[in-house]
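First the structure, in the form of structure tokens, and then the observations on it.
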Amino acid sequence: MNILFATPECAPYVKTGGLGDVSGALPAALAALGHDVRVLLPAYKGMKVAGDIGEGIEIPAYGHWPAAQLLPVRVSSGVTMLLLACPSLYQRDGGPYVDANGRDYEDNVVRFGLLSRVAADLGTRDSPIPGWRADVVHANDWPTALAPMNLARARMGDPQHHVAASVVTIHNMAFQGVFPMHDAEMLGVPHHWRGIDGVEFWGQLSMLKAGLQFAQAITTVSPTYAREIQTPEFGAGLDGVLRARADRLSGILNGIDDQVWNPAHDTQLLHPYTVTDLAGKARNKAALQKQLGLKVSAKAMLFGVVSRLTPQKGIDLVLQHLDALLADGGQLVVLGMGEPGLQEALVDAAQRTPKQVHVTVGFNEQLAHRIEAGADCFLMPSRFEPCGLNQMYSQAYGTPPLVAPTGGLADSVVDATADARNGSGFVMREPGASGFAEAVARARQAFADTAAWRRIQANGMARPFGWAASAARYVEVYERAVALAR
Ligand code: ADP
Ligand code: GLC
């Protein structure tokens with residue numbers, strides 16, 4: 001199958017969160033199954049992609065969009081990166097979505113309207129790549145979610161059906177790409193699709209809704225989240241649309257890239273280790289404590305957090321229960337960035353108790369790996385979590401996670417109290433403060449029992465979190481989508 005994987009971020013080139021990791025690993029796993037996979041990604045400022053560079057392909061100016069270029073680069077994983085170069089839209093200081101001050105770029109509708117349009121073009125007779133057309137266009141999150149609508153429009157004009165099927169994956173319902181309805185003109189949304197059965201969302205235009213309405217298949221990144229988003233509590237206003245399309249919606253748990261996230265050969269670690277020899281893990285812990293100015297102590301229970309600092313992630317619970325975490329010499333290491341209020345509260349805590357709390361504000365790949373390896377227990381008390389990757393990384397690193405009972409967290413962590421034989425972490429019995437406090441108490445108790453703790457670590461390290469199984473599930477979804485598009 002010819003697969004076009006469209007995404008606004010892709011590790012290791014550009015990453016703000018889990019979508020970057022997924023985009024870096026899933027296409028490679030699909031290529032390993034024998035498919036021709038091309039990843040469409042904007043060419044952001046300073047991005048370097050090593051590989052065999054093909055000839056650039058001109059994308060002519062169109063409507064509000066300036067001329068652009070598609071630069072194919074064949075990378076070592078067997079995937080072809082298609083870098084969408086349009087300097088006036090993508091070569092900027094700041095991140096993929098926000099400027100250097102953290103504000104959304106004002107022209108995001110133009111930037112990601114172009115990305116969605118080019119993604120769809122690659123699935124039509126007018127594909128800009130000579131001799132190559134996608135059989136399926138896989139859109140990821142709102143920045144690419146107009147592609148299914150563009151393809152539906154192309155299908156109307158192509159009765160021979162030389163048009164790709166489309167699949168949209170929801171990585172997070174909290175981000176929807178909502179813009180004024182007058183942008184519909186520029187985006188080429190036909191008049192009859194501007195209403196509630198089309199892209200309309202409370203009088204505005206929702207890019208994510210366009211994807212949900214027009215794709216042949218909708219996936220999200222865990223089975224539990226697939227159920228949750230059909231309820232008003234988690235649906236972020238689109239639960240009705242998802243219920244109406246429930247027969248097209250499925251949940252496929254993300255995998256992890258076990259080349260990048262593997263303690264046995266993680267190049268970011270000072271001391272690689274395996275389940276049969278955890279001495280390296282102890283050395284990583286001591287090195288981390290030293291590096292961050294904490295008291296170097298094997299006995300102190302070290303809690304780790306690596307996270308975007310947003311209300312989603314439940315970091316307020318960590319702050320609220322700091323005393324419980326720091327009891328008996330406990331320690332807390334946080335790496336994250338996001339909401340100024342949360343950042344300040346965390347930095348305050350670190351200033352009050354520098355030997356027990358360390359906070360790094362920023363994005364730091366190496367420190368993220370070192371926290372996964374050096375911490376004893378990883379905290380993820382998220383209010384909602386479509387999948388979550390860190391709870392899987394931490395299990396692979398022998399760092400049992402403490403998680404909320406939601407989304408992909410519930411689907412990927414086996415509670416050690418409920419299932420003493422297979423337990424690999426601690427699942428809060430209920431969301432919120434009391435559930436968190438109770439789970440912290442259970443984790444502390446287990447940590448005090450070295451044999452029990454070793455078993456929980458070993459169970460997590462033995463779990464198969466690679467991408468192979470989930471990649472095969474995506475192929476099934478693609479095949480169904482292609483059949484439905486005929
Ligand atoms: P989300 O996508 O909602 O942020 P995930 O758990 O799916 O959550 O993925 C987060 C990814 O981003 C992980 O790879 C994590 O290590 C990484 N990450 C998050 N914050 C930081 C940070 N401040 N520095 C380095 N890596 C980070
Ligand atoms: C989103 C979600 C996260 C998920 C990631 C990759 O950012 O918040 O839970 O793991 O996408 O799918």
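Residue names in the structure tokens use chain letters A, B, ... in the order shown, residue numbers from 1 in each chain, and ligand numbers from 1 in the order shown.
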
- region 203-210 of chain A environment, 7 Å, only C-alpha atoms, sequence neighbours closer than 3 positions dropped, as a count of residues only: 16

- Message: Let's see if you can do this: from backbone DSSP, list all strand (DSSP E) residues in region 31-119 of chain A, as a list in words.
- Response: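 These are the residues in question: Asp36, Val37, Arg38, Val39, Leu40, Leu41, Pro42, Asp52, Ile53, Ile57, Glu58, Ile59, Ala68, Gln69, Leu70, Leu71, Pro72, Val73, Arg74, Thr80, Met81, Leu82, Leu83, Leu84 and Ala85 of chain A.
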
With 6 Å as the cut-off and only C-alpha atoms and all ligand atoms counted, what is the closest atom pair between each nearby residue of chain A and ligand 1? Distances in Å to one decimal, ordered by chain and number, as a tab-separated table.
```
residue	atom	partner	partner_atom_place_in_ligand_line	distance
A:Gly17	CA	ligand 1	12 (O)	3.6
A:Gly18	CA	ligand 1	9 (O)	3.2
A:Leu19	CA	ligand 1	2 (O)	5.6
A:Val306	CA	ligand 1	20 (N)	5.2
A:Ser307	CA	ligand 1	20 (N)	3.9
A:Arg308	CA	ligand 1	20 (N)	4.7
A:Leu335	CA	ligand 1	23 (N)	5.0
A:Gly336	CA	ligand 1	23 (N)	3.6
A:Met337	CA	ligand 1	23 (N)	5.4
A:Gly362	CA	ligand 1	23 (N)	5.1
A:Phe363	CA	ligand 1	24 (N)	3.4
A:Asn364	CA	ligand 1	24 (N)	4.1
A:Glu365	CA	ligand 1	25 (C)	4.3
A:Ala368	CA	ligand 1	25 (C)	5.0
A:Gly388	CA	ligand 1	6 (O)	3.6
A:Leu389	CA	ligand 1	6 (O)	3.8
A:Asn390	CA	ligand 1	6 (O)	4.6
```

- Message: Could you check the closest approach to ligand 2 for each of A:Phe201, A:Phe175, A:Trp453, A:Trp193 and tell me which residue wins, using only C-alpha atoms and all ligand atoms?
- Response: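 When distances to ligand 2 are compared using only C-alpha atoms and all ligand atoms, the smallest one comes from A:Phe175.
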
- Task: Could you tell me which of A:Lys48, A:His358, A:Arg352, A:Arg455 comes closest to Leu292 (chain A) if we count only C-alpha atoms?
- Result: A:His358

- Query: Mind pulling up the distance from CA of Asn172 (chain A) to CA of Pro232 (chain A)?
  - Reply: 14.8 Å

- Item | Exercise: Asp121 (chain A) partners within 10 Å, only C-alpha atoms, chain neighbours under 2 positions left out, as an MDAnalysis selection string | chainID A and resid 115:119 123:129 133:134 137 147 150:151 154 163:164

With C-alpha atoms kept, could you save the residues just selected as a tab-separated table (two decimals), in the first residue's frame?
```
chain	number	residue	atom	x	y	z
A	115	LEU	CA	-0.29	21.13	5.00
A	116	SER	CA	-3.76	19.52	4.81
A	117	ARG	CA	-4.21	20.53	1.18
A	118	VAL	CA	-0.88	19.11	0.05
A	119	ALA	CA	-1.58	15.91	2.03
A	123	GLY	CA	-3.89	11.19	-2.76
A	124	THR	CA	-5.35	12.38	-6.06
A	125	ARG	CA	-4.65	12.15	-9.79
A	126	ASP	CA	-2.99	15.56	-9.44
A	127	SER	CA	-0.40	14.23	-7.00
A	128	PRO	CA	2.64	16.50	-7.15
A	129	ILE	CA	4.95	13.45	-7.11
A	133	ARG	CA	-0.26	8.56	-5.45
A	134	ALA	CA	-1.27	7.53	-1.94
A	137	VAL	CA	-3.89	9.49	3.54
A	147	ALA	CA	-7.19	16.54	4.36
A	150	ASN	CA	-10.29	17.90	0.71
A	151	LEU	CA	-10.24	14.28	-0.43
A	154	ALA	CA	-11.85	15.57	-4.86
A	163	VAL	CA	-8.77	9.30	-4.91
A	164	ALA	CA	-7.14	8.01	-1.72
```

- Item | CA of Ala345 (chain A) to CA of Glu438 (chain A), straight-line distance in Å |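 Interatomic distance, CA of Glu438 (chain A) to CA of Ala345 (chain A): 22.8 Å.
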
- Write out as a ChimeraX atom specification the residues lying within 12 Å of region 477-481 of chain A, counting only C-alpha atoms and excluding same-chain residues fewer than 5 positions away. /A:1-5,30,35,134-139,148,163-169,214-220,247-252,470-472,486

Using only C-alpha atoms, which residues sit within 10 Å of Ala67 (chain A) once same-chain residues fewer than 5 positions away are excluded, as a PDB file with N, CA and C atoms, in the first residue's frame?
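After the write, around38.pdb holds the following:
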```
ATOM      1  N   GLU A  58       8.106  21.347  -7.219  1.00  0.00           N
ATOM      2  CA  GLU A  58       7.438  22.643  -7.039  1.00  0.00           C
ATOM      3  C   GLU A  58       5.957  22.448  -6.759  1.00  0.00           C
ATOM      4  N   ILE A  59       5.454  23.190  -5.780  1.00  0.00           N
ATOM      5  CA  ILE A  59       4.004  23.241  -5.542  1.00  0.00           C
ATOM      6  C   ILE A  59       3.600  24.682  -5.850  1.00  0.00           C
ATOM      7  N   PRO A  60       2.882  24.894  -6.935  1.00  0.00           N
ATOM      8  CA  PRO A  60       2.602  26.273  -7.346  1.00  0.00           C
ATOM      9  C   PRO A  60       1.752  27.031  -6.323  1.00  0.00           C
ATOM     10  N   ALA A  61       1.865  28.362  -6.340  1.00  0.00           N
ATOM     11  CA  ALA A  61       1.007  29.189  -5.484  1.00  0.00           C
ATOM     12  C   ALA A  61      -0.449  28.902  -5.842  1.00  0.00           C
ATOM     13  N   TYR A  62      -1.324  29.002  -4.837  1.00  0.00           N
ATOM     14  CA  TYR A  62      -2.724  28.658  -5.078  1.00  0.00           C
ATOM     15  C   TYR A  62      -3.556  29.452  -4.077  1.00  0.00           C
ATOM     16  N   ALA A  85       8.397  22.698   2.190  1.00  0.00           N
ATOM     17  CA  ALA A  85       9.156  23.938   2.398  1.00  0.00           C
ATOM     18  C   ALA A  85       8.343  25.120   1.892  1.00  0.00           C
ATOM     19  N   CYS A  86       8.079  26.029   2.795  1.00  0.00           N
ATOM     20  CA  CYS A  86       7.394  27.274   2.439  1.00  0.00           C
ATOM     21  C   CYS A  86       7.873  28.298   3.460  1.00  0.00           C
ATOM     22  N   PRO A  87       9.036  28.908   3.186  1.00  0.00           N
ATOM     23  CA  PRO A  87       9.721  29.685   4.215  1.00  0.00           C
ATOM     24  C   PRO A  87       8.840  30.738   4.889  1.00  0.00           C
ATOM     25  N   SER A  88       7.970  31.403   4.137  1.00  0.00           N
ATOM     26  CA  SER A  88       7.191  32.468   4.785  1.00  0.00           C
ATOM     27  C   SER A  88       6.208  31.884   5.810  1.00  0.00           C
TER      28      SER A  88
END
```

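Distance check against ligand 2 using only C-alpha atoms and all ligand atoms: of A:Lys355, A:Arg421, A:Arg227, A:Lys15, the minimum falls on A:Lys15.
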
- Message: Using Å and a single decimal, report how far CA of Val75 (chain A) sits from CA of Ala50 (chain A).
- Response: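 Calculated distance between CA of Ala50 (chain A) and CA of Val75 (chain A) is 6.5 Å.
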
- Do you know which residues are at most 7 Å from region 104-112 of chain A counting only C-alpha atoms, after dropping those on the same chain fewer than 3 positions away, and could you put them as a PyMOL selection string? chain A and resi 89+97-99+115-116+143-144

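Around Gly466 (chain A), within 12 Å and counting only C-alpha atoms, the residues found are Val22, Ala25, Leu26, Ala28, Ala29, Leu253, Asn254, Gly255, Ile256, Asp257, Asp258, Gln259, Val260, Trp261, Asn262, Leu389, Met392, Tyr393, Ala396, Met461, Ala462, Ser470, Ala471 and Ala472 of chain A, once anything fewer than 4 positions away on its own chain is removed.
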
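Distance check against Met156 (chain A) using only C-alpha atoms: of A:Asp316, A:Asn140, A:Gly293, A:Pro190, the minimum falls on A:Pro190.
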
- Among region 205-433 of chain A, which residues carry a DSSP assignment of alpha helix (DSSP H), reported as an NGL selection string? :A and (207-214 or 223-228 or 239-244 or 279-291 or 315-320 or 322-326 or 340-352 or 365-374 or 390-396 or 407-412 or 433)
